[in-house]
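Shown here: entry.cif, mmCIF, C-alpha atoms and all ligand atoms.
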```cif
data_coords
loop_
_atom_site.label_atom_id
_atom_site.label_comp_id
_atom_site.auth_asym_id
_atom_site.auth_seq_id
_atom_site.Cartn_x
_atom_site.Cartn_y
_atom_site.Cartn_z
CA MET A 1 16.24 13.82 -11.42
CA ASN A 2 17.63 12.35 -8.16
CA SER A 3 20.20 14.29 -6.19
CA PRO A 4 23.65 12.59 -5.81
CA PRO A 5 23.15 11.32 -2.20
CA ILE A 6 19.88 9.72 -3.19
CA GLN A 7 21.44 8.08 -6.24
CA GLY A 8 24.09 6.59 -3.92
CA LEU A 9 21.40 5.27 -1.64
CA LEU A 10 19.50 3.74 -4.52
CA SER A 11 22.50 1.87 -5.86
CA SER A 12 23.32 0.38 -2.46
CA LEU A 13 19.76 -0.96 -2.23
CA SER A 14 19.74 -2.30 -5.74
CA ARG A 15 17.28 -5.15 -5.16
CA LEU A 16 14.74 -3.05 -3.30
CA PHE A 17 15.08 0.26 -5.04
CA THR A 18 15.39 -0.57 -8.71
CA SER A 19 16.07 2.41 -10.89
CA PHE A 20 15.01 2.48 -14.46
CA VAL A 21 15.94 4.70 -17.35
CA ASP A 22 12.90 4.95 -19.53
CA MET A 23 12.82 4.15 -23.20
CA VAL A 24 13.43 7.65 -24.45
CA GLY A 25 16.02 8.51 -21.82
CA ILE A 26 14.06 11.42 -20.38
CA SER A 27 13.57 10.20 -16.84
CA SER A 28 14.35 7.60 -14.22
CA SER A 29 11.92 6.17 -11.69
CA VAL A 30 12.15 4.34 -8.40
CA TYR A 31 9.95 1.48 -7.26
CA MET A 32 9.76 0.69 -3.57
CA LEU A 33 8.23 -2.80 -3.54
CA ASP A 34 9.61 -6.27 -4.31
CA ARG A 35 8.56 -8.16 -7.42
CA ASN A 36 8.71 -11.74 -6.10
CA ALA A 37 6.14 -14.55 -5.64
CA ALA A 38 5.09 -13.25 -2.20
CA GLU A 39 4.45 -9.79 -3.68
CA THR A 40 2.44 -11.39 -6.50
CA ARG A 41 0.21 -13.10 -3.92
CA ARG A 42 -0.07 -9.83 -1.97
CA LEU A 43 -1.11 -7.90 -5.10
CA ASN A 44 -3.78 -10.47 -5.96
CA SER A 45 -5.33 -10.52 -2.51
CA GLN A 46 -5.05 -6.73 -2.35
CA HIS A 47 -7.12 -6.60 -5.54
CA ARG A 48 -9.97 -8.55 -3.88
CA PHE A 49 -9.89 -6.20 -0.89
CA LEU A 50 -9.88 -3.00 -2.98
CA VAL A 51 -12.71 -4.19 -5.22
CA ASP A 52 -14.71 -5.12 -2.14
CA LEU A 53 -14.02 -1.66 -0.71
CA SER A 54 -14.90 0.22 -3.94
CA ASN A 55 -15.91 -0.92 -7.45
CA LEU A 56 -14.06 -2.63 -10.26
CA ILE A 57 -15.29 0.08 -12.65
CA HIS A 58 -16.78 3.28 -11.25
CA PRO A 59 -20.59 3.54 -11.72
CA SER A 60 -20.30 6.79 -13.74
CA ILE A 61 -18.54 4.92 -16.56
CA PRO A 62 -21.01 3.30 -19.00
CA LYS A 63 -19.78 -0.30 -18.99
CA ASP A 64 -21.89 -1.45 -21.92
CA GLN A 65 -20.16 1.10 -24.20
CA LEU A 66 -16.63 -0.11 -23.50
CA THR A 67 -14.99 -1.87 -26.43
CA ALA A 68 -11.28 -1.42 -25.56
CA VAL A 69 -9.71 -1.08 -22.09
CA ALA A 70 -6.06 -0.57 -21.05
CA ASP A 71 -4.52 -1.03 -17.59
CA LEU A 72 -1.25 0.83 -16.84
CA GLY A 73 1.09 -0.53 -14.15
CA THR A 74 -0.99 -3.70 -14.39
CA GLY A 75 1.22 -5.82 -12.07
CA THR A 76 -0.16 -9.37 -12.33
CA GLY A 77 -3.01 -8.27 -14.65
CA ILE A 78 -5.61 -9.25 -12.03
CA TRP A 79 -7.79 -6.16 -12.60
CA LEU A 80 -8.06 -6.92 -16.33
CA GLU A 81 -8.94 -10.54 -15.59
CA ASP A 82 -11.94 -9.42 -13.54
CA VAL A 83 -12.92 -6.81 -16.13
CA ALA A 84 -13.03 -9.56 -18.74
CA ASP A 85 -15.58 -11.41 -16.59
CA LEU A 86 -17.60 -8.29 -15.78
CA LEU A 87 -18.08 -6.60 -19.14
CA PRO A 88 -21.27 -7.41 -20.96
CA ASN A 89 -19.49 -7.13 -24.31
CA LYS A 90 -17.28 -10.20 -24.22
CA SER A 91 -15.44 -9.21 -27.40
CA VAL A 92 -13.98 -6.15 -25.66
CA TYR A 93 -10.25 -5.66 -26.35
CA LEU A 94 -8.13 -5.63 -23.15
CA HIS A 95 -4.42 -4.78 -22.86
CA GLY A 96 -2.10 -4.49 -19.84
CA PHE A 97 1.16 -2.51 -19.59
CA ASP A 98 3.81 -2.53 -16.89
CA ILE A 99 7.41 -1.36 -16.63
CA SER A 100 8.34 -4.89 -15.52
CA SER A 101 7.12 -8.31 -16.67
CA SER A 102 8.26 -10.00 -13.42
CA GLN A 103 4.69 -10.57 -12.27
CA TYR A 104 3.23 -11.46 -15.65
CA PRO A 105 1.96 -14.98 -16.39
CA PRO A 106 3.96 -17.11 -18.88
CA HIS A 107 4.22 -15.74 -22.45
CA HIS A 108 2.95 -12.34 -21.19
CA LYS A 109 -0.65 -13.38 -21.78
CA ILE A 110 -3.62 -14.01 -19.49
CA GLN A 111 -5.30 -17.12 -20.88
CA ARG A 112 -9.12 -17.24 -20.84
CA PRO A 113 -10.94 -20.46 -21.75
CA GLY A 114 -12.84 -20.04 -25.03
CA GLN A 115 -11.76 -16.40 -25.46
CA ASN A 116 -8.81 -14.44 -26.78
CA PRO A 117 -5.95 -14.17 -24.28
CA ILE A 118 -5.26 -10.75 -22.75
CA PRO A 119 -1.88 -9.42 -23.98
CA LEU A 120 0.49 -7.80 -21.48
CA SER A 121 3.29 -5.52 -22.73
CA VAL A 122 6.35 -4.07 -21.06
CA HIS A 123 6.15 -0.28 -21.18
CA ASN A 124 7.14 2.55 -18.87
CA ALA A 125 4.10 4.80 -18.43
CA LEU A 126 6.47 7.79 -18.22
CA ALA A 127 7.18 7.36 -21.94
CA PRO A 128 4.69 7.92 -24.78
CA PHE A 129 2.97 4.71 -25.91
CA PRO A 130 3.52 3.23 -29.38
CA ALA A 131 1.33 4.75 -32.11
CA GLU A 132 -0.75 1.57 -32.50
CA HIS A 133 -2.17 2.13 -28.98
CA ARG A 134 -2.82 5.86 -29.15
CA GLY A 135 -6.49 6.87 -29.50
CA ARG A 136 -7.52 3.21 -29.19
CA TYR A 137 -9.16 2.85 -25.75
CA ASP A 138 -12.52 3.80 -24.19
CA LEU A 139 -11.13 3.35 -20.67
CA VAL A 140 -7.63 3.60 -19.23
CA HIS A 141 -7.24 2.31 -15.68
CA ILE A 142 -4.35 3.04 -13.30
CA ARG A 143 -4.09 1.71 -9.75
CA LEU A 144 -1.41 2.11 -7.10
CA LEU A 145 1.51 3.59 -9.00
CA THR A 146 2.43 5.73 -5.95
CA ALA A 147 5.36 3.53 -4.93
CA GLY A 148 7.03 4.28 -8.26
CA LEU A 149 6.09 7.87 -9.13
CA LYS A 150 7.96 11.04 -8.27
CA GLN A 151 5.97 14.25 -7.92
CA ALA A 152 6.60 15.52 -11.42
CA ASP A 153 5.76 12.11 -12.91
CA TYR A 154 2.00 12.30 -12.32
CA ILE A 155 1.39 14.75 -15.12
CA ARG A 156 3.62 12.78 -17.49
CA VAL A 157 1.76 9.53 -16.80
CA LEU A 158 -1.57 11.31 -17.20
CA THR A 159 -0.52 12.87 -20.53
CA ASN A 160 0.53 9.46 -21.86
CA ALA A 161 -2.63 7.82 -20.54
CA ARG A 162 -4.78 10.54 -22.10
CA ALA A 163 -3.15 9.94 -25.49
CA LEU A 164 -4.34 6.32 -25.34
CA LEU A 165 -7.98 7.39 -25.12
CA LYS A 166 -10.48 7.89 -27.89
CA PRO A 167 -12.35 11.24 -27.79
CA ASN A 168 -14.77 11.02 -24.81
CA GLY A 169 -12.83 8.05 -23.41
CA TRP A 170 -12.61 7.59 -19.63
CA ILE A 171 -9.77 7.50 -17.14
CA GLN A 172 -10.07 5.80 -13.74
CA TRP A 173 -7.05 6.35 -11.49
CA GLU A 174 -7.00 4.84 -8.00
CA GLU A 175 -4.49 5.52 -5.20
CA VAL A 176 -4.21 5.00 -1.46
CA ASP A 177 -3.46 7.94 0.80
CA HIS A 178 -0.33 6.87 2.70
CA THR A 179 -0.83 9.68 5.19
CA SER A 180 -4.10 8.16 6.37
CA PHE A 181 -2.86 4.81 7.70
CA CYS A 182 -4.34 4.80 11.19
CA THR A 183 -7.01 3.05 13.21
CA ASP A 184 -10.22 4.25 14.79
CA ALA A 185 -8.62 4.14 18.27
CA VAL A 186 -8.22 7.40 20.19
CA PRO A 187 -5.56 8.24 21.24
CA GLU A 188 -3.49 6.62 18.51
CA PRO A 189 -0.92 4.07 19.75
CA GLU A 190 2.70 5.09 19.15
CA VAL A 191 3.36 2.12 16.88
CA ILE A 192 0.87 3.41 14.28
CA THR A 193 2.36 6.90 14.29
CA ARG A 194 5.83 5.45 13.86
CA LEU A 195 4.93 3.15 10.96
CA ARG A 196 3.04 5.89 9.11
CA GLU A 197 5.65 8.60 9.65
CA CYS A 198 8.42 6.29 8.52
CA VAL A 199 6.70 5.71 5.16
CA ILE A 200 5.89 9.40 4.64
CA GLU A 201 9.39 10.55 5.55
CA ALA A 202 11.10 8.05 3.23
CA MET A 203 8.75 8.74 0.32
CA LEU A 204 9.36 12.48 0.57
CA LYS A 205 13.11 11.93 0.90
CA LEU A 206 13.11 9.88 -2.30
CA GLY A 207 11.07 12.49 -4.16
CA LEU A 208 7.97 10.23 -4.15
CA TRP A 209 4.57 11.62 -3.20
CA PRO A 210 2.56 10.10 -0.31
CA PHE A 211 -0.56 12.27 -0.86
CA ALA A 212 -1.42 10.63 -4.18
CA PRO A 213 -5.26 10.75 -4.35
CA GLN A 214 -5.34 14.55 -4.09
CA ARG A 215 -2.58 14.87 -6.69
CA VAL A 216 -4.39 12.58 -9.11
CA PHE A 217 -7.64 14.52 -8.70
CA ASP A 218 -5.87 17.88 -9.22
CA GLU A 219 -4.03 16.70 -12.36
CA ILE A 220 -7.10 15.09 -13.93
CA SER A 221 -9.21 18.19 -13.19
CA ALA A 222 -6.59 20.42 -14.84
CA CYS A 223 -5.64 18.25 -17.80
CA GLY A 224 -8.41 18.19 -20.40
CA PHE A 225 -10.97 15.96 -18.68
CA THR A 226 -14.62 16.64 -17.93
CA ASP A 227 -17.23 14.94 -15.67
CA VAL A 228 -14.48 14.53 -13.09
CA VAL A 229 -15.61 12.64 -9.99
CA ARG A 230 -13.56 11.88 -6.90
CA GLU A 231 -14.61 9.25 -4.38
CA THR A 232 -12.90 8.27 -1.16
CA TYR A 233 -13.69 4.76 -0.01
CA THR A 234 -12.89 4.00 3.62
CA THR A 235 -13.00 0.94 5.85
CA SER A 236 -14.46 3.09 8.64
CA GLY A 237 -17.72 1.57 9.86
CA ARG A 238 -17.51 -1.40 7.45
CA GLU A 239 -17.44 -4.24 9.92
CA HIS A 240 -17.19 -7.00 7.29
CA LEU A 241 -13.90 -5.49 6.03
CA ARG A 242 -12.30 -5.22 9.46
CA HIS A 243 -10.30 -8.44 9.36
CA ILE A 244 -9.12 -8.03 5.76
CA ALA A 245 -8.23 -4.34 6.35
CA ARG A 246 -5.94 -5.41 9.19
CA GLU A 247 -4.29 -8.04 6.99
CA TRP A 248 -3.95 -5.63 4.10
CA VAL A 249 -2.39 -2.78 6.07
CA ALA A 250 -0.03 -5.25 7.79
CA GLY A 251 0.97 -6.61 4.34
CA VAL A 252 1.58 -3.10 2.96
CA MET A 253 3.65 -2.21 6.02
CA ARG A 254 5.74 -5.40 5.77
CA ALA A 255 6.43 -4.60 2.10
CA LEU A 256 6.94 -0.84 2.36
CA VAL A 257 8.39 -0.03 5.79
CA PRO A 258 11.75 -1.94 5.62
CA PRO A 259 13.05 -0.02 2.56
CA CYS A 260 11.67 3.17 4.08
CA MET A 261 13.55 2.52 7.34
CA VAL A 262 16.81 2.14 5.44
CA ALA A 263 16.09 5.22 3.34
CA SER A 264 15.44 7.31 6.45
CA SER A 265 18.45 5.83 8.35
CA GLN A 266 16.24 4.22 11.01
CA ALA A 267 17.95 0.90 10.26
CA GLN A 268 21.46 0.13 9.09
CA ASN A 269 20.51 -2.51 6.57
CA ILE A 270 17.49 -4.25 5.13
CA LYS A 271 17.80 -7.30 7.42
CA GLN A 272 17.70 -5.15 10.52
CA ALA A 273 14.87 -3.08 9.01
CA ARG A 274 12.79 -6.22 8.41
CA GLU A 275 13.28 -7.36 12.02
CA LEU A 276 12.31 -3.96 13.40
CA THR A 277 9.31 -3.76 11.07
CA GLU A 278 8.13 -7.23 12.09
CA GLN A 279 8.04 -6.21 15.77
CA LEU A 280 6.07 -3.05 14.96
CA VAL A 281 3.65 -4.81 12.61
CA ARG A 282 2.96 -7.52 15.23
CA GLU A 283 2.13 -4.75 17.73
CA PHE A 284 -0.15 -3.18 15.12
CA GLU A 285 -1.90 -6.55 14.54
CA VAL A 286 -2.53 -7.01 18.27
CA HIS A 287 -3.88 -3.45 18.50
CA CYS A 288 -6.27 -4.20 15.61
CA GLU A 289 -7.93 -6.99 17.58
CA THR A 290 -9.96 -4.21 19.20
CA ALA A 291 -9.61 -1.40 16.62
CA THR A 292 -10.34 -1.06 12.89
CA ALA A 293 -7.49 -0.29 10.51
CA LEU A 294 -8.61 2.70 8.45
CA VAL A 295 -7.76 2.76 4.77
CA ASN A 296 -8.56 5.73 2.52
CA PHE A 297 -8.73 4.63 -1.10
CA GLY A 298 -9.15 7.53 -3.54
CA VAL A 299 -10.69 6.97 -6.97
CA THR A 300 -10.79 9.74 -9.58
CA VAL A 301 -12.73 9.31 -12.81
CA GLY A 302 -12.86 11.71 -15.77
CA ARG A 303 -13.88 11.81 -19.44
CA LYS A 304 -11.49 13.09 -22.08
CA VAL A 305 -12.64 16.34 -23.64
CA SER A 306 -12.95 15.57 -27.35
C1 LIG A 401 1.64 -1.80 -6.35
S1 LIG A 401 1.72 -2.48 -7.95
C2 LIG A 401 0.03 -2.38 -8.46
C3 LIG A 401 -0.29 -3.33 -9.58
C4 LIG A 401 -1.72 -3.23 -10.13
N1 LIG A 401 -2.02 -1.92 -10.64
C5 LIG A 401 -2.74 -3.58 -9.08
O1 LIG A 401 -3.38 -2.70 -8.53
O2 LIG A 401 -2.88 -4.80 -8.79
C6 LIG A 401 2.46 -1.21 -8.94
C7 LIG A 401 2.82 -1.66 -10.34
O3 LIG A 401 3.20 -0.50 -11.09
C8 LIG A 401 4.32 -0.84 -11.88
N2 LIG A 401 5.03 0.40 -12.22
C9 LIG A 401 5.76 1.19 -11.40
N3 LIG A 401 6.23 2.25 -12.08
C10 LIG A 401 5.78 2.13 -13.37
C11 LIG A 401 5.92 2.90 -14.55
N4 LIG A 401 6.64 4.02 -14.55
N5 LIG A 401 5.32 2.47 -15.69
C12 LIG A 401 4.60 1.33 -15.68
N6 LIG A 401 4.43 0.56 -14.61
C13 LIG A 401 5.01 0.95 -13.45
C14 LIG A 401 5.11 -1.80 -11.02
O4 LIG A 401 6.01 -2.58 -11.78
C15 LIG A 401 3.99 -2.63 -10.39
O5 LIG A 401 3.67 -3.75 -11.17
#
```
How does the structure come out when it is put into structure tokens?
Ligand SMILES: C[S@@+](CC[C@H](N)C(=O)[O-])C[C@H]1O[C@@H](n2cnc3c(N)ncnc32)[C@H](O)[C@@H]1O
Amino acid sequence: MNSPPIQGLLSSLSRLFTSFVDMVGISSSVYMLDRNAAETRRLNSQHRFLVDLSNLIHPSIPKDQLTAVADLGTGTGIWLEDVADLLPNKSVYLHGFDISSSQYPPHHKIQRPGQNPIPLSVHNALAPFPAEHRGRYDLVHIRLLTAGLKQADYIRVLTNARALLKPNGWIQWEEVDHTSFCTDAVPEPEVITRLRECVIEAMLKLGLWPFAPQRVFDEISACGFTDVVRETYTTSGREHLRHIAREWVAGVMRALVPPCMVASSQAQNIKQARELTEQLVREFEVHCETATALVNFGVTVGRKVS
């Protein structure tokens, strides 16, 4: 649970740091990003970038055998929408879950011409899922929950995700390493160090965990999965991703750094933090005209031991 000073901080930043008490009252969680229209657009373009950088579904998962797929922390549901187009078996059952419906389409359904809509439910992944969903899915996907998970939460999310799987079902959990935001320039400009350290410091202060890909791999390896594979996809040397990597990192920084600056007392309020961040991000963007923004995207895949 949060310590008293951190609880005080959270309440004074109520719009940015929303705290939730989960359905069974066993935990609270913090989420560092906004949930407005701009964030919806950012999530959707982020999806295109991440799929370009990696794969929608990892090659070790047999796509033609998937009949039911769940996405936890689904956001706008964009990953499921693409999965619906990709899977050879068009009658596959898809379901999205998120702690908030703020970024869901109307009626909490993704409409697909000539096919069943994809249902989206509100559910905190820290709480066990309703019985009707347990043991139902061949694949459970999780992407970018880092901004909302405290260290001890990873194992709880994984346990709940595992319960959704059929025997031999697959998990695919994808996270960005926040400690690796840098460029290929040597020596590193001060602005990059400052932006990165600000995020790491605030995440640790709030009990969040900036080294997510390693944590996910460790938990999946230790928690009843086999055929565990970890891949790290990087923008290094991928010239066609250079422009989009710059835009993506700048977008992440604009979203993440202002609340981090307030949390680590580098700014007095969110307005000041946004102004300071904007100056730093502009410097970063200029620097990236001659350097490549490096992104390390970690994907861990495993199969549930039956
Ligand atoms: C950065 S967004 C990523 C959305 C989506 N996975 C994607 O990659 O496009 C993180 C999402 O996780 C959701 N989230 C955070 N904590 C959660 C929790 N404990 N249970 C379920 N969803 C959560 C947020 O509401 C948000 O929609």
I'd like the contact shell of stretch 247-253 of chain A - 9 Å cut-off, only C-alpha atoms, skipping same-chain residues fewer than 3 positions apart - returned as number ranges by chain. A: 42, 45-46, 49, 181, 195-196, 199, 242-244, 256-258, 277, 281-282, 284-285, 293-295
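Distances from A:Thr193, A:Gln268, A:Ser121, A:Thr179 to A:His133 were compared using all atoms listed in the file, and the smallest one belongs to A:Ser121.
When all atoms listed in the file are used to compute distances to ligand LIG 401 (chain A), the closest of the residues A:Ser91, A:Asn36, A:Ser180, A:Asn168 turns out to be A:Asn36.
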Quick one: contact table of chain A to ligand LIG 401 (chain A), 8 Å max, nearest atom pair and distance in Å to one decimal per residue, counting all atoms listed in the file, chain and number order, as JSON lines?
```
{"residue": "A:Ser29", "atom": "CA", "partner": "A:LIG401", "partner_atom": "N4", "distance": 6.4}
{"residue": "A:Val30", "atom": "CA", "partner": "A:LIG401", "partner_atom": "N3", "distance": 7.3}
{"residue": "A:Tyr31", "atom": "CA", "partner": "A:LIG401", "partner_atom": "C9", "distance": 5.9}
{"residue": "A:Leu33", "atom": "CA", "partner": "A:LIG401", "partner_atom": "C1", "distance": 7.2}
{"residue": "A:Arg35", "atom": "CA", "partner": "A:LIG401", "partner_atom": "O4", "distance": 7.5}
{"residue": "A:Leu43", "atom": "CA", "partner": "A:LIG401", "partner_atom": "O2", "distance": 5.1}
{"residue": "A:Asn44", "atom": "CA", "partner": "A:LIG401", "partner_atom": "O2", "distance": 6.4}
{"residue": "A:Gln46", "atom": "CA", "partner": "A:LIG401", "partner_atom": "O2", "distance": 7.1}
{"residue": "A:His47", "atom": "CA", "partner": "A:LIG401", "partner_atom": "O2", "distance": 5.6}
{"residue": "A:Asp71", "atom": "CA", "partner": "A:LIG401", "partner_atom": "N1", "distance": 7.4}
{"residue": "A:Leu72", "atom": "CA", "partner": "A:LIG401", "partner_atom": "C12", "distance": 6.0}
{"residue": "A:Gly73", "atom": "CA", "partner": "A:LIG401", "partner_atom": "N6", "distance": 3.5}
{"residue": "A:Thr74", "atom": "CA", "partner": "A:LIG401", "partner_atom": "N1", "distance": 4.3}
{"residue": "A:Gly75", "atom": "CA", "partner": "A:LIG401", "partner_atom": "O5", "distance": 3.3}
{"residue": "A:Thr76", "atom": "CA", "partner": "A:LIG401", "partner_atom": "O2", "distance": 6.4}
{"residue": "A:Gly77", "atom": "CA", "partner": "A:LIG401", "partner_atom": "O2", "distance": 6.8}
{"residue": "A:Ile78", "atom": "CA", "partner": "A:LIG401", "partner_atom": "O2", "distance": 6.1}
{"residue": "A:Trp79", "atom": "CA", "partner": "A:LIG401", "partner_atom": "O2", "distance": 6.4}
{"residue": "A:Phe97", "atom": "CA", "partner": "A:LIG401", "partner_atom": "C12", "distance": 6.5}
{"residue": "A:Asp98", "atom": "CA", "partner": "A:LIG401", "partner_atom": "N6", "distance": 3.9}
{"residue": "A:Ile99", "atom": "CA", "partner": "A:LIG401", "partner_atom": "C12", "distance": 4.0}
{"residue": "A:Ser100", "atom": "CA", "partner": "A:LIG401", "partner_atom": "O4", "distance": 5.0}
{"residue": "A:Ser101", "atom": "CA", "partner": "A:LIG401", "partner_atom": "O4", "distance": 7.6}
{"residue": "A:Ser102", "atom": "CA", "partner": "A:LIG401", "partner_atom": "O4", "distance": 7.9}
{"residue": "A:Gln103", "atom": "CA", "partner": "A:LIG401", "partner_atom": "O5", "distance": 7.0}
{"residue": "A:Val122", "atom": "CA", "partner": "A:LIG401", "partner_atom": "C12", "distance": 7.8}
{"residue": "A:His123", "atom": "CA", "partner": "A:LIG401", "partner_atom": "C12", "distance": 5.9}
{"residue": "A:Asn124", "atom": "CA", "partner": "A:LIG401", "partner_atom": "N5", "distance": 3.7}
{"residue": "A:Ala125", "atom": "CA", "partner": "A:LIG401", "partner_atom": "N5", "distance": 3.8}
{"residue": "A:Leu126", "atom": "CA", "partner": "A:LIG401", "partner_atom": "N4", "distance": 5.3}
{"residue": "A:Ile142", "atom": "CA", "partner": "A:LIG401", "partner_atom": "N1", "distance": 6.1}
{"residue": "A:Arg143", "atom": "CA", "partner": "A:LIG401", "partner_atom": "N1", "distance": 4.3}
{"residue": "A:Leu144", "atom": "CA", "partner": "A:LIG401", "partner_atom": "C2", "distance": 4.9}
{"residue": "A:Leu145", "atom": "CA", "partner": "A:LIG401", "partner_atom": "C6", "distance": 4.9}
{"residue": "A:Thr146", "atom": "CA", "partner": "A:LIG401", "partner_atom": "C6", "distance": 7.6}
{"residue": "A:Ala147", "atom": "CA", "partner": "A:LIG401", "partner_atom": "C1", "distance": 6.7}
{"residue": "A:Gly148", "atom": "CA", "partner": "A:LIG401", "partner_atom": "N3", "distance": 4.4}
{"residue": "A:Leu149", "atom": "CA", "partner": "A:LIG401", "partner_atom": "N3", "distance": 6.3}
{"residue": "A:Val157", "atom": "CA", "partner": "A:LIG401", "partner_atom": "N4", "distance": 7.7}
```
Nearby residues (all atoms listed in the file) at most 10 Å from A:Val83, same-chain spacing under 6 positions excluded, as number ranges by chain: A: 56-57, 63, 69, 90, 92, 94
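Among the candidate residues A:Thr235, A:Gln266, A:Asn116, A:Asn296, the one lying nearest to A:His178 is A:Asn296, with distances computed using all atoms listed in the file.
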